[in-house]
Structure formats: structure tokens, C-alpha cells
file protein-v3.txt (compact mmCIF, C-alpha atoms)
# COMPACT_ATOMS: atom_id res chain seq x y z
CA MET E 20 -10.39 8.71 8.55
CA THR E 21 -8.68 8.63 11.90
CA SER E 22 -8.84 10.95 14.85
CA THR E 23 -6.59 8.84 17.04
CA VAL E 24 -3.32 10.42 18.23
CA ASP E 25 -0.84 7.72 19.15
CA SER E 26 0.85 7.85 22.55
CA ALA E 27 4.60 8.37 22.58
CA ARG E 28 5.37 5.39 24.82
CA SER E 29 3.32 2.83 22.93
CA THR E 30 4.65 4.11 19.63
CA SER E 31 8.18 3.67 20.96
CA ASP E 32 7.38 0.09 21.91
CA VAL E 33 6.07 -0.55 18.41
CA ALA E 34 9.23 0.92 16.91
CA ASP E 35 11.48 -1.30 19.02
CA THR E 36 9.48 -4.43 18.21
CA LEU E 37 9.45 -3.62 14.51
CA GLY E 38 13.18 -2.96 14.55
CA ALA E 39 13.85 -6.42 15.94
CA VAL E 40 11.69 -8.10 13.27
CA ILE E 41 13.39 -6.08 10.54
CA ASP E 42 16.87 -6.96 11.78
CA GLU E 43 16.14 -10.66 12.29
CA VAL E 44 13.84 -11.46 9.37
CA ILE E 45 12.80 -8.69 6.95
CA ARG E 46 16.17 -7.27 5.94
CA PRO E 47 17.97 -10.62 5.56
CA GLN E 48 15.20 -12.06 3.37
CA ALA E 49 14.64 -8.97 1.16
CA PRO E 50 17.17 -9.83 -1.59
CA SER E 51 15.89 -13.39 -2.00
CA VAL E 52 12.23 -12.28 -1.96
CA ASP E 53 13.02 -9.97 -4.85
CA ARG E 54 15.35 -12.31 -6.72
CA GLU E 55 13.08 -15.35 -6.53
CA GLY E 56 9.76 -13.51 -6.61
CA VAL E 57 8.47 -15.41 -3.58
CA PHE E 58 5.88 -14.27 -1.07
CA PRO E 59 7.63 -13.06 2.13
CA ARG E 60 5.82 -15.55 4.33
CA SER E 61 8.46 -15.69 7.08
CA GLY E 62 8.46 -11.90 7.38
CA VAL E 63 4.68 -11.64 7.45
CA ASP E 64 4.48 -14.40 10.06
CA ALA E 65 7.10 -12.66 12.18
CA LEU E 66 5.16 -9.39 12.01
CA ALA E 67 1.99 -11.24 12.99
CA ALA E 68 3.68 -12.99 15.92
CA ALA E 69 5.00 -9.64 17.13
CA GLY E 70 1.48 -8.20 17.16
CA LEU E 71 2.20 -5.74 14.37
CA LEU E 72 -0.55 -6.86 11.98
CA GLY E 73 -3.13 -5.96 14.61
CA LEU E 74 -1.89 -2.42 15.22
CA ALA E 75 -4.89 -0.74 13.58
CA SER E 76 -7.43 -3.05 15.21
CA SER E 77 -9.52 -1.82 18.13
CA THR E 78 -8.39 -2.61 21.65
CA GLU E 79 -11.96 -3.84 22.15
CA VAL E 80 -11.09 -6.95 20.14
CA GLY E 81 -7.50 -7.26 21.36
CA GLY E 82 -5.78 -5.01 18.84
CA GLY E 83 -3.25 -2.26 19.26
CA GLY E 84 -5.73 0.59 18.85
CA HIS E 85 -3.20 2.70 16.97
CA GLY E 86 -4.04 5.44 14.53
CA MET E 87 -2.81 6.01 11.04
CA ARG E 88 0.39 7.80 12.05
CA THR E 89 1.98 4.81 13.76
CA VAL E 90 0.80 2.46 11.04
CA ALA E 91 2.31 4.77 8.38
CA GLU E 92 5.64 4.69 10.22
CA VAL E 93 5.56 0.88 10.18
CA VAL E 94 4.93 0.81 6.42
CA GLU E 95 7.65 3.41 5.85
CA ARG E 96 10.26 1.39 7.74
CA LEU E 97 9.27 -1.86 6.04
CA ALA E 98 9.46 -0.24 2.59
CA ALA E 99 12.99 0.93 3.32
CA GLU E 100 14.01 -2.71 3.72
CA CYS E 101 11.64 -4.81 1.57
CA GLY E 102 9.08 -3.24 -0.73
CA SER E 103 7.21 -6.51 -1.23
CA THR E 104 6.67 -7.05 2.49
CA ALA E 105 5.64 -3.43 2.92
CA MET E 106 3.02 -3.71 0.17
CA VAL E 107 1.52 -6.87 1.67
CA VAL E 108 1.23 -5.15 5.04
CA LEU E 109 -0.09 -1.93 3.48
CA MET E 110 -2.94 -3.78 1.76
CA HIS E 111 -3.67 -5.69 4.97
CA TYR E 112 -4.09 -2.44 6.91
CA ALA E 113 -6.26 -0.91 4.17
CA ALA E 114 -8.59 -3.92 4.17
CA THR E 115 -8.59 -3.97 7.98
CA ALA E 116 -10.06 -0.45 7.94
CA VAL E 117 -13.19 -1.80 6.22
CA ILE E 118 -13.43 -4.88 8.41
CA GLU E 119 -13.06 -2.79 11.56
CA ALA E 120 -15.99 -0.64 10.41
CA HIS E 121 -18.28 -3.32 9.01
CA GLY E 122 -16.85 -6.82 9.55
CA PRO E 123 -17.82 -9.54 12.03
CA ARG E 124 -16.31 -9.45 15.49
CA GLU E 125 -14.64 -12.85 15.17
CA VAL E 126 -12.70 -11.76 12.09
CA ARG E 127 -11.77 -8.46 13.71
CA ALA E 128 -10.46 -10.39 16.72
CA ALA E 129 -8.46 -12.76 14.51
CA ILE E 130 -6.84 -9.83 12.74
CA ALA E 131 -6.14 -8.11 16.05
CA THR E 132 -4.24 -11.11 17.40
CA GLY E 133 -2.23 -11.72 14.22
CA GLY E 134 -4.02 -14.86 13.08
CA HIS E 135 -5.62 -13.39 9.98
CA LEU E 136 -4.04 -11.70 6.94
CA THR E 137 -6.49 -9.78 4.77
CA THR E 138 -6.27 -7.73 1.58
CA LEU E 139 -8.30 -5.79 -1.00
CA ALA E 140 -9.72 -7.36 -4.16
CA PHE E 141 -10.98 -4.39 -6.17
CA SER E 142 -9.25 -4.14 -9.57
CA GLU E 143 -10.90 -6.08 -12.40
CA TYR E 144 -10.05 -6.89 -16.00
CA GLY E 145 -13.14 -5.07 -17.23
CA SER E 146 -12.51 -1.75 -15.50
CA ARG E 147 -8.75 -1.97 -14.79
CA SER E 148 -7.58 0.80 -12.47
CA HIS E 149 -11.08 2.30 -12.20
CA PHE E 150 -11.75 0.43 -8.97
CA TRP E 151 -14.93 2.46 -8.45
CA SER E 152 -16.56 0.73 -11.43
CA PRO E 153 -16.72 -3.03 -10.74
CA THR E 154 -17.99 -5.40 -13.40
CA GLY E 155 -18.19 -8.55 -11.27
CA THR E 156 -21.70 -9.56 -10.24
CA ALA E 157 -23.54 -10.54 -7.06
CA THR E 158 -26.75 -12.56 -7.30
CA VAL E 159 -29.11 -13.88 -4.64
CA THR E 160 -29.57 -17.65 -5.01
CA ASP E 161 -32.55 -19.84 -4.23
CA ASP E 162 -31.20 -20.79 -0.82
CA GLY E 163 -30.65 -17.14 0.18
CA SER E 164 -26.88 -17.16 -0.22
CA VAL E 165 -25.11 -14.81 -2.62
CA ARG E 166 -23.27 -15.91 -5.73
CA LEU E 167 -20.21 -13.88 -6.73
CA ASP E 168 -18.69 -14.00 -10.22
CA ALA E 169 -15.73 -11.84 -11.21
CA ARG E 170 -12.29 -11.71 -12.81
CA LYS E 171 -10.00 -9.71 -10.54
CA SER E 172 -6.86 -8.54 -12.33
CA TRP E 173 -4.57 -7.69 -9.39
CA VAL E 174 -4.95 -8.95 -5.84
CA THR E 175 -2.00 -8.47 -3.49
CA SER E 176 -1.34 -11.58 -1.37
CA ALA E 177 -3.51 -13.64 -3.74
CA GLY E 178 -3.63 -17.21 -2.47
CA GLU E 179 -1.81 -16.14 0.71
CA ALA E 180 -4.40 -14.03 2.54
CA THR E 181 -7.01 -15.43 4.90
CA SER E 182 -9.76 -13.20 3.49
CA TYR E 183 -10.47 -10.72 0.72
CA VAL E 184 -12.45 -7.49 0.87
CA TRP E 185 -14.24 -8.06 -2.43
CA SER E 186 -16.10 -5.55 -4.60
CA SER E 187 -19.00 -6.29 -6.93
CA LEU E 188 -21.95 -4.70 -8.62
CA PRO E 189 -24.85 -4.41 -6.16
CA LEU E 190 -27.51 -7.03 -5.72
CA SER E 191 -30.12 -4.46 -6.69
CA GLY E 192 -29.51 -2.45 -9.83
CA ASP E 193 -30.70 0.80 -8.27
CA ALA E 194 -28.95 0.37 -4.91
CA GLY E 195 -25.73 2.13 -5.86
CA PRO E 196 -22.54 1.53 -7.83
CA MET E 197 -20.77 -1.07 -5.68
CA THR E 198 -21.16 -3.53 -2.82
CA LEU E 199 -18.39 -4.94 -0.61
CA TRP E 200 -18.15 -8.51 0.68
CA LEU E 201 -15.85 -10.35 3.04
CA VAL E 202 -14.76 -13.46 1.14
CA PRO E 203 -12.93 -16.25 3.02
CA ALA E 204 -9.87 -17.61 1.23
CA ASP E 205 -11.20 -21.18 1.36
CA SER E 206 -14.43 -20.35 -0.49
CA ALA E 207 -15.34 -22.85 -3.19
CA GLY E 208 -15.14 -21.25 -6.61
CA LEU E 209 -12.32 -18.86 -5.66
CA THR E 210 -9.09 -19.48 -7.56
CA VAL E 211 -5.79 -17.79 -8.30
CA THR E 212 -5.65 -17.77 -12.10
CA GLY E 213 -2.18 -16.50 -12.90
CA SER E 214 1.32 -15.80 -11.68
CA PHE E 215 3.24 -12.60 -11.06
CA ASP E 216 6.64 -11.95 -12.61
CA GLY E 217 6.84 -8.21 -12.26
CA LEU E 218 9.44 -5.51 -12.66
CA GLY E 219 9.28 -4.64 -8.97
CA LEU E 220 7.52 -5.69 -5.76
CA ARG E 221 8.25 -9.16 -7.00
CA GLY E 222 7.23 -10.93 -3.81
CA ASN E 223 3.94 -9.20 -3.06
CA GLY E 224 1.87 -11.97 -4.65
CA SER E 225 -0.18 -9.60 -6.79
CA ARG E 226 -1.94 -12.11 -9.00
CA PRO E 227 -5.29 -12.41 -10.80
CA MET E 228 -8.15 -14.21 -9.09
CA THR E 229 -11.46 -15.52 -10.35
CA ALA E 230 -14.75 -16.08 -8.58
CA ASP E 231 -16.82 -18.62 -10.50
CA GLY E 232 -20.06 -19.39 -8.72
CA LEU E 233 -18.50 -18.48 -5.39
CA ARG E 234 -21.09 -18.58 -2.60
CA VAL E 235 -21.09 -16.43 0.51
CA PRO E 236 -23.86 -15.90 3.07
CA SER E 237 -25.81 -12.66 2.83
CA THR E 238 -24.17 -11.67 6.12
CA ALA E 239 -20.83 -11.41 4.28
CA MET E 240 -22.01 -8.05 2.93
CA MET E 241 -20.13 -5.15 4.53
CA ALA E 242 -22.24 -2.00 4.86
CA ALA E 243 -25.43 -1.75 2.82
CA ASP E 244 -26.04 -3.00 -0.68
CA GLY E 245 -24.74 -0.38 -3.10
CA ALA E 246 -22.86 1.52 -0.38
CA GLY E 247 -19.50 0.01 -1.26
CA LEU E 248 -18.20 3.06 -3.08
CA ASP E 249 -18.98 5.38 -0.19
CA THR E 250 -17.29 2.87 2.12
CA ALA E 251 -14.28 2.63 -0.17
CA LEU E 252 -13.94 6.41 -0.40
CA GLY E 253 -14.55 7.04 3.28
CA ALA E 254 -12.90 4.09 5.01
CA VAL E 255 -10.41 2.56 2.56
CA LEU E 256 -9.09 5.43 0.46
CA PRO E 257 -7.56 7.56 3.24
CA TRP E 258 -5.67 4.55 4.63
CA PHE E 259 -4.64 3.30 1.20
CA LEU E 260 -3.40 6.66 -0.11
CA VAL E 261 -1.61 7.74 3.07
CA LEU E 262 0.07 4.37 3.50
CA ASN E 263 1.13 4.43 -0.14
CA ALA E 264 2.79 7.77 0.52
CA ALA E 265 4.55 6.29 3.55
CA PHE E 266 5.65 3.37 1.39
CA CYS E 267 7.14 5.79 -1.16
CA LEU E 268 8.83 7.78 1.58
CA GLY E 269 10.52 4.66 2.92
CA LEU E 270 11.86 3.76 -0.51
CA ALA E 271 13.06 7.30 -1.22
CA ASP E 272 14.67 7.80 2.17
CA SER E 273 16.55 4.50 2.00
CA ALA E 274 17.73 5.28 -1.53
CA VAL E 275 19.12 8.64 -0.42
CA ALA E 276 20.80 7.05 2.60
CA GLU E 277 22.40 4.34 0.46
CA ALA E 278 23.59 6.89 -2.07
CA GLY E 279 25.10 8.98 0.72
CA ARG E 280 26.95 5.97 2.11
CA HIS E 281 28.29 5.06 -1.30
CA LEU E 282 29.49 8.59 -2.09
CA THR E 283 31.21 8.81 1.29
CA ALA E 284 32.90 5.40 1.24
CA THR E 285 34.02 5.28 -2.40
CA THR E 286 37.34 6.88 -3.33
CA LEU E 287 39.24 7.34 -6.54
CA THR E 288 42.60 5.62 -6.19
CA HIS E 289 44.42 7.89 -8.62
CA THR E 290 43.40 11.10 -6.77
CA GLY E 291 42.61 9.89 -3.27
CA ALA E 292 39.37 11.90 -3.33
CA ALA E 293 36.03 10.47 -2.25
CA LEU E 294 33.06 10.82 -4.59
CA ARG E 295 31.50 13.19 -2.08
CA ASP E 296 34.36 15.64 -2.60
CA ALA E 297 32.90 16.80 -5.92
CA PRO E 298 30.64 19.86 -5.43
CA VAL E 299 28.27 18.80 -8.20
CA THR E 300 27.82 15.39 -6.59
CA ARG E 301 27.03 16.96 -3.22
CA ARG E 302 24.57 19.31 -4.89
CA ASP E 303 22.74 16.44 -6.56
CA LEU E 304 22.57 14.46 -3.32
CA ALA E 305 21.23 17.54 -1.53
CA ARG E 306 18.47 17.86 -4.09
CA LEU E 307 17.39 14.27 -3.50
CA MET E 308 17.43 14.84 0.26
CA ILE E 309 15.31 17.98 -0.04
CA ARG E 310 12.76 16.24 -2.26
CA THR E 311 12.50 13.39 0.23
CA ASP E 312 12.21 15.70 3.24
CA ALA E 313 9.52 17.72 1.44
CA LEU E 314 7.49 14.52 1.00
CA ARG E 315 7.99 13.70 4.69
CA ALA E 316 6.70 17.13 5.68
CA PHE E 317 3.68 16.86 3.39
CA LEU E 318 2.85 13.39 4.69
CA GLY E 319 3.12 14.66 8.25
CA ASP E 320 0.78 17.53 7.46
CA THR E 321 -1.69 15.13 5.85
CA LEU E 322 -1.74 13.00 8.99
CA THR E 323 -2.23 16.10 11.12
CA ALA E 324 -5.12 17.20 8.90
CA LEU E 325 -6.78 13.81 9.39
CA GLU E 326 -6.14 13.69 13.13
CA THR E 327 -7.54 17.17 13.72
CA GLY E 328 -10.42 16.97 11.24
CA ARG E 329 -9.16 19.89 9.17
CA ASP E 330 -11.32 21.05 6.28
CA ASP E 331 -8.59 20.24 3.76
CA ALA E 332 -8.00 16.70 5.04
CA MET E 333 -9.49 14.89 2.04
CA LEU E 334 -7.67 17.19 -0.39
CA ARG E 335 -4.39 16.40 1.36
CA VAL E 336 -5.16 12.66 1.18
CA LEU E 337 -5.68 12.89 -2.57
CA GLN E 338 -2.56 14.99 -3.05
CA VAL E 339 -0.17 12.97 -0.94
CA LYS E 340 -0.04 9.78 -3.03
CA ALA E 341 0.34 11.77 -6.26
CA LEU E 342 3.22 13.74 -4.75
CA ALA E 343 4.75 10.59 -3.29
CA GLY E 344 4.62 8.65 -6.56
CA GLU E 345 6.41 11.37 -8.47
CA THR E 346 8.91 12.00 -5.68
CA VAL E 347 10.00 8.40 -5.21
CA ALA E 348 10.41 7.92 -8.97
CA GLU E 349 12.61 10.99 -9.24
CA VAL E 350 14.62 10.27 -6.10
CA THR E 351 15.38 6.63 -6.89
CA ASP E 352 16.28 7.57 -10.46
CA GLY E 353 18.58 10.30 -9.16
CA ALA E 354 20.22 7.92 -6.67
CA MET E 355 20.90 5.47 -9.49
CA GLN E 356 22.58 8.20 -11.52
CA LEU E 357 24.63 9.42 -8.58
CA CYS E 358 26.04 5.99 -7.85
CA GLY E 359 26.76 5.18 -11.49
CA GLY E 360 27.58 1.65 -12.52
CA SER E 361 27.65 0.44 -8.92
CA ALA E 362 23.91 1.12 -8.66
CA PHE E 363 23.19 -1.43 -11.37
CA ARG E 364 24.63 -4.23 -9.26
CA LYS E 365 22.49 -5.99 -6.69
CA GLU E 366 24.80 -5.27 -3.76
CA LEU E 367 23.68 -1.70 -3.07
CA GLY E 368 19.99 -2.53 -3.24
CA LEU E 369 19.39 0.65 -5.22
CA GLU E 370 18.19 -1.04 -8.39
CA ARG E 371 15.64 -3.00 -6.31
CA ARG E 372 14.32 0.20 -4.76
CA PHE E 373 14.28 1.83 -8.20
CA ARG E 374 12.13 -1.02 -9.57
CA ASP E 375 9.83 -1.15 -6.56
CA SER E 376 9.23 2.60 -6.81
CA ARG E 377 7.75 2.33 -10.32
CA ALA E 378 4.54 0.82 -8.94
CA ALA E 379 3.34 3.90 -7.07
CA ARG E 380 2.28 5.90 -10.11
CA VAL E 381 0.25 3.08 -11.67
CA MET E 382 -1.47 1.62 -8.60
CA ALA E 383 -5.13 2.60 -8.56
CA PRO E 384 -6.00 5.35 -8.16
CA THR E 385 -3.16 6.22 -10.52
CA SER E 386 -1.32 9.52 -10.40
CA ASP E 387 -3.29 10.73 -13.42
CA ALA E 388 -6.59 9.87 -11.71
CA LEU E 389 -5.49 11.63 -8.53
CA TYR E 390 -4.56 14.78 -10.45
CA ASP E 391 -8.07 14.79 -11.87
CA PHE E 392 -9.57 14.24 -8.41
CA VAL E 393 -7.53 17.09 -6.94
CA GLY E 394 -8.57 19.37 -9.81
CA ARG E 395 -12.20 18.45 -9.23
CA VAL E 396 -12.01 19.25 -5.54
CA ALA E 397 -10.18 22.50 -6.25
CA THR E 398 -12.88 23.65 -8.68
CA GLY E 399 -15.92 22.53 -6.72
CA LEU E 400 -16.79 19.47 -8.78
CA PRO E 401 -17.78 16.12 -7.25
CA LEU E 402 -15.00 13.55 -7.01
CA LEU E 403 -16.73 11.29 -9.54
CA ASP E 404 -19.34 11.96 -12.20
CA GLU E 405 -22.78 10.61 -11.37
CA ALA E 406 -22.34 8.05 -14.17
CA ASN E 407 -19.48 6.53 -12.18
CA ARG E 408 -21.34 6.42 -8.86

call {"tool": "encode", "arguments": {"input": "protein-v3.txt", "output": "C-alpha cells"}}
result
Amino acid sequence: MTSTVDSARSTSDVADTLGAVIDEVIRPQAPSVDREGVFPRSGVDALAAAGLLGLASSTEVGGGGHGMRTVAEVVERLAAECGSTAMVVLMHYAATAVIEAHGPREVRAAIATGGHLTTLAFSEYGSRSHFWSPTGTATVTDDGSVRLDARKSWVTSAGEATSYVWSSLPLSGDAGPMTLWLVPADSAGLTVTGSFDGLGLRGNGSRPMTADGLRVPSTAMMAADGAGLDTALGAVLPWFLVLNAAFCLGLADSAVAEAGRHLTATTLTHTGAALRDAPVTRRDLARLMIRTDALRAFLGDTLTALETGRDDAMLRVLQVKALAGETVAEVTDGAMQLCGGSAFRKELGLERRFRDSRAARVMAPTSDALYDFVGRVATGLPLLDEANR
């Protein structure tokens, strides 16, 4: 969790820098990234060169030292333009949270200066979206190194990242449910084992990866053996869930804005009336705006809860992604309906946002899992059963 409150001036500088990268690189490349399903390398490199990938890194190692609020605003603005780029950056920031807490200084410094893209490698074929239950193994070898074997089902930026925050079963069977490792991309035995041709987020490089006899030094362990779940829940989950909500907000807000532009600019030749002149149309647009603004307010309150250490901070974190996933699905669907046949063409960009928005509800932890978590917290139960810890 974060207790950092970002300064107004530095946040303004970040906003200006981000705006320039969006105008020059991100927005122009977004249609082709989606159409061709290619990793947005030029956009990611531009963000790195502008110092934006090091925003969440400590100033001690040359980073921006920003808190979650500024980072969420960056993800929101990126999602409004290119969902694939936003997801790559989102996963980078989530993995950075672990590395900042437990990673080596040289990697932290590389991330801070934009020379290192990282990501999470949690989901596995054996446990699917139950990221808290890894099936991949870690074994101490004769020379003291650690052998990792696993089949990861979805890894954003697979084959593109510089490192992977990797989950496994612990070295010791009684140590705990999960251990985290920092795995360099050039590790022998690490391979990308499939392609990605998805409905949405087509350029985020979310592909399966396999570790087959991959060796890392024992010092690659982040936190203690078996403490990976506590690290994931305490360091990763708040960043991942809040940034997912910001991602959804960016998609929803841009869909509403595009729908509003279309309804204002489009007229019926035989009557001379604009589409906005119909009261029912205005009502439906207003509903989408209100849903989006409600998500913005809830996200803002969640960030405030984290920044001030409020007692309900973790509950808000669990709630915000569930709310965001449902909101963005409803809002993008409503925008498609409002704009009719025009929305099905590529020009408006609405169908791309509609497709990108479908991912939020099924990304682990899924909306269904989050509803269960929220219900557990509300009724005094632990987040996970002991069998899952």
C-alpha cells in the first residue's frame, strides 16, 4: 500500500510529459497495435525514454518517487488511447511494487531510469485464475542454485519484458503456499510457448511461458521462502487492483466522450436534427456519464483510503476492481448501442474499447473471486481458506 501523496507541481509535469508521448506515439499507433496484434514497442520505449516507467520507483535509486494516485492517472490516460499499451504499463508497475520492496538495487535502478521493463508471471495452467495456488516447482540443486519448472498460462509482455516476477511452490513444503523469484528474461530454460490472438488487448503480448530446468541463484528469491502469498496480497494486489480500476475508467471515459462527440456531430439529413436532439438519446448518454463518474469517485476514495491508512482501505481495494469491471462493460456496451451501426466500424474506436473492456472481469482475481473476497471481509472471514494459504 502507499502513503505517498503526490505533489501538484510534479504531477503536472508528469501529465504534460505523458500528453506529449500520447500525442506523438501512443494514439497514432493504437489502431495498428490492435489490428495487427503487435506489441506496442515504440510506445513503451517512448514512455521509458520520458521517465514514465520509473514513476513508482524510489528517488533513492533515481526514480520518480510517485505514489499510486499519479501512477493510476497515467494508466487511465493510456487506457483511453490504447488498452494494450496501458495493460503492459499496468503490469510493469504492479511488478515494480514487489521489486521495490524486495528486489536488488541494480534492478530497481534500471527500472527507475527506464532501462528495464518488468511484469508478473503468476497464472498457471494448473490453477488458472487462482494465482494464489501455484503448481510450478522450485528445487535446490547440487550447486546451490534453484531450479524452476512451470507452465505459465498468461504472462503480459511475454518475450518482451526484461524480467519476470515469478511465483512457485516454496522450496520447503512447510514454508508457506508460495515463493516469489526475480527471473531474468535471458534465463536458459525460459521460453514463450504460444501466441496471443485475443478478442481485445491484442497487443499486450499476453502469452504462455514455460520454465524447463530454469536456473536462478538463491538470491533471486524475493522475501522469504513461502512468504510469496503475503507479499502478493500486501505489495502486489493493491497496485494491481487499483490500476485495473484506473484502466477501466480510462476505457469507459473515452467511450462516453466518443459517444458524445458522435451524437453531437451526426445529423439526420431529412430532418436536420442532430442525434443529441432526441431526449431518450440524451438520457442514455447521461446514464453512461453517471456510471463513469461514480467509478471515478469510488476510485478516488479508494486512493484516499490507501493514502490515509483508513481501516476500510483493503475492502475498498477489493471492491474497486469488481465495480470497475462491471462498469466498463456496461458503459462500453451502452456506447456501442447509442452510436448504432457507426460503432461497429473501426473509425470511432468504440468497438476496440468495447473489446478491450471485456478483459477486466476475467483477469485474476476475477470479478466472481473479488465478490467472494468482499463477502468474506464483510462477514469476518479470512480472505482465503487455510487450505489455500

call {"tool": "closest_residue", "arguments": {"input": "protein-v3.txt", "among": "E:Ala362, E:Ala131, E:Ala207, E:Ala292", "to": "E:Gly232", "atoms": "all atoms listed in the file"}}
result
E:Ala207

call {"tool": "closest_residue", "arguments": {"input": "protein-v3.txt", "among": "E:Leu209, E:Ala99, E:Val393, E:Leu268", "to": "E:Thr346", "atoms": "only C-alpha atoms"}}
result
E:Leu268

call {"tool": "closest_residue", "arguments": {"input": "protein-v3.txt", "among": "E:Leu334, E:Asp231, E:Pro384, E:Arg306", "to": "E:Phe141", "atoms": "all atoms listed in the file"}}
result
E:Pro384

call {"tool": "axis_aligned_box", "arguments": {"input": "protein-v3.txt", "around": "stretch 75-90 of chain E", "padding_each_side": "8 Å", "output": "JSON"}}
result
{"center_x": -5.0, "center_y": 0.3, "center_z": 16.6, "size_x": 29.9, "size_y": 31.1, "size_z": 27.1}

call {"tool": "residues_around", "arguments": {"input": "protein-v3.txt", "residues": "E:His121", "least_positions_apart": "6", "cutoff": "12 Å", "atoms": "all atoms listed in the file", "output": "list in words"}}
result
Ala114, Thr115, Arg127, Val184, Leu199, Trp200, Leu201, Thr238, Ala239, Met240, Met241, Ala242, Ala243, Ala246, Gly247, Thr250, Ala251, Ala254 and Val255 of chain E

call {"tool": "closest_residue", "arguments": {"input": "protein-v3.txt", "among": "E:Met333, E:Ala180, E:Ala49, E:Leu218", "to": "E:Ala378", "atoms": "all atoms listed in the file"}}
result
E:Leu218

call {"tool": "atom_distance", "arguments": {"input": "protein-v3.txt", "atom1": "atom CA of E:Pro236", "atom2": "atom CA of E:Val165"}}
result
5.9 Å

call {"tool": "residues_near_point", "arguments": {"input": "protein-v3.txt", "point": "(0.6, 4.1, 8.2)", "cutoff": "9 Å", "atoms": "all atoms listed in the file", "output": "ChimeraX atom specification"}}
result
/E:86-95,109,112,258-259,261-266

call {"tool": "residues_around", "arguments": {"input": "protein-v3.txt", "residues": "E:Met308", "least_positions_apart": "2", "cutoff": "9 Å", "atoms": "only C-alpha atoms", "output": "CSV table (one decimal) with C-alpha atoms, in the coordinates of the input"}}
result
chain,number,residue,atom,x,y,z
E,271,ALA,CA,13.1,7.3,-1.2
E,272,ASP,CA,14.7,7.8,2.2
E,275,VAL,CA,19.1,8.6,-0.4
E,276,ALA,CA,20.8,7.0,2.6
E,303,ASP,CA,22.7,16.4,-6.6
E,304,LEU,CA,22.6,14.5,-3.3
E,305,ALA,CA,21.2,17.5,-1.5
E,306,ARG,CA,18.5,17.9,-4.1
E,310,ARG,CA,12.8,16.2,-2.3
E,311,THR,CA,12.5,13.4,0.2
E,312,ASP,CA,12.2,15.7,3.2
E,313,ALA,CA,9.5,17.7,1.4
E,350,VAL,CA,14.6,10.3,-6.1

call {"tool": "closest_residue", "arguments": {"input": "protein-v3.txt", "among": "E:Arg226, E:Arg96, E:Arg221, E:Arg302", "to": "E:Pro50", "atoms": "all atoms listed in the file"}}
result
E:Arg221

call {"tool": "build_atoms", "arguments": {"input": "protein-v3.txt", "residues": "stretch 389-402 of chain E", "atoms": "N, CA, C and O atoms", "output": "PDB file, in the frame of the given file"}}
result
ATOM      1  N   LEU E 389      -5.544  10.762  -9.708  1.00  0.00           N
ATOM      2  CA  LEU E 389      -5.490  11.630  -8.530  1.00  0.00           C
ATOM      3  C   LEU E 389      -5.375  13.100  -8.932  1.00  0.00           C
ATOM      4  O   LEU E 389      -5.974  13.971  -8.278  1.00  0.00           O
ATOM      5  N   TYR E 390      -4.621  13.396  -9.986  1.00  0.00           N
ATOM      6  CA  TYR E 390      -4.560  14.780 -10.450  1.00  0.00           C
ATOM      7  C   TYR E 390      -5.945  15.275 -10.849  1.00  0.00           C
ATOM      8  O   TYR E 390      -6.332  16.413 -10.564  1.00  0.00           O
ATOM      9  N   ASP E 391      -6.710  14.413 -11.502  1.00  0.00           N
ATOM     10  CA  ASP E 391      -8.070  14.790 -11.870  1.00  0.00           C
ATOM     11  C   ASP E 391      -8.929  14.996 -10.628  1.00  0.00           C
ATOM     12  O   ASP E 391      -9.693  15.961 -10.545  1.00  0.00           O
ATOM     13  N   PHE E 392      -8.804  14.099  -9.644  1.00  0.00           N
ATOM     14  CA  PHE E 392      -9.570  14.240  -8.410  1.00  0.00           C
ATOM     15  C   PHE E 392      -9.244  15.553  -7.707  1.00  0.00           C
ATOM     16  O   PHE E 392     -10.135  16.264  -7.239  1.00  0.00           O
ATOM     17  N   VAL E 393      -7.942  15.858  -7.612  1.00  0.00           N
ATOM     18  CA  VAL E 393      -7.530  17.090  -6.940  1.00  0.00           C
ATOM     19  C   VAL E 393      -8.082  18.304  -7.682  1.00  0.00           C
ATOM     20  O   VAL E 393      -8.581  19.262  -7.070  1.00  0.00           O
ATOM     21  N   GLY E 394      -8.020  18.272  -9.019  1.00  0.00           N
ATOM     22  CA  GLY E 394      -8.570  19.370  -9.810  1.00  0.00           C
ATOM     23  C   GLY E 394     -10.068  19.526  -9.614  1.00  0.00           C
ATOM     24  O   GLY E 394     -10.597  20.645  -9.573  1.00  0.00           O
ATOM     25  N   ARG E 395     -10.762  18.402  -9.473  1.00  0.00           N
ATOM     26  CA  ARG E 395     -12.200  18.450  -9.230  1.00  0.00           C
ATOM     27  C   ARG E 395     -12.507  19.094  -7.883  1.00  0.00           C
ATOM     28  O   ARG E 395     -13.381  19.962  -7.782  1.00  0.00           O
ATOM     29  N   VAL E 396     -11.796  18.661  -6.854  1.00  0.00           N
ATOM     30  CA  VAL E 396     -12.010  19.250  -5.540  1.00  0.00           C
ATOM     31  C   VAL E 396     -11.692  20.736  -5.549  1.00  0.00           C
ATOM     32  O   VAL E 396     -12.429  21.554  -4.982  1.00  0.00           O
ATOM     33  N   ALA E 397     -10.611  21.103  -6.223  1.00  0.00           N
ATOM     34  CA  ALA E 397     -10.180  22.500  -6.250  1.00  0.00           C
ATOM     35  C   ALA E 397     -11.164  23.409  -6.978  1.00  0.00           C
ATOM     36  O   ALA E 397     -11.237  24.613  -6.698  1.00  0.00           O
ATOM     37  N   THR E 398     -11.944  22.838  -7.903  1.00  0.00           N
ATOM     38  CA  THR E 398     -12.880  23.650  -8.680  1.00  0.00           C
ATOM     39  C   THR E 398     -14.338  23.409  -8.318  1.00  0.00           C
ATOM     40  O   THR E 398     -15.248  23.835  -9.031  1.00  0.00           O
ATOM     41  N   GLY E 399     -14.567  22.710  -7.205  1.00  0.00           N
ATOM     42  CA  GLY E 399     -15.920  22.530  -6.720  1.00  0.00           C
ATOM     43  C   GLY E 399     -16.731  21.451  -7.383  1.00  0.00           C
ATOM     44  O   GLY E 399     -17.950  21.383  -7.204  1.00  0.00           O
ATOM     45  N   LEU E 400     -16.086  20.571  -8.131  1.00  0.00           N
ATOM     46  CA  LEU E 400     -16.790  19.470  -8.780  1.00  0.00           C
ATOM     47  C   LEU E 400     -16.818  18.256  -7.852  1.00  0.00           C
ATOM     48  O   LEU E 400     -15.949  18.111  -6.986  1.00  0.00           O
ATOM     49  N   PRO E 401     -17.794  17.348  -8.035  1.00  0.00           N
ATOM     50  CA  PRO E 401     -17.780  16.120  -7.250  1.00  0.00           C
ATOM     51  C   PRO E 401     -16.602  15.247  -7.657  1.00  0.00           C
ATOM     52  O   PRO E 401     -16.065  15.371  -8.775  1.00  0.00           O
ATOM     53  N   LEU E 402     -16.173  14.390  -6.756  1.00  0.00           N
ATOM     54  CA  LEU E 402     -15.000  13.550  -7.010  1.00  0.00           C
ATOM     55  C   LEU E 402     -15.193  12.676  -8.236  1.00  0.00           C
ATOM     56  O   LEU E 402     -14.271  12.471  -9.029  1.00  0.00           O
TER      57      LEU E 402
END
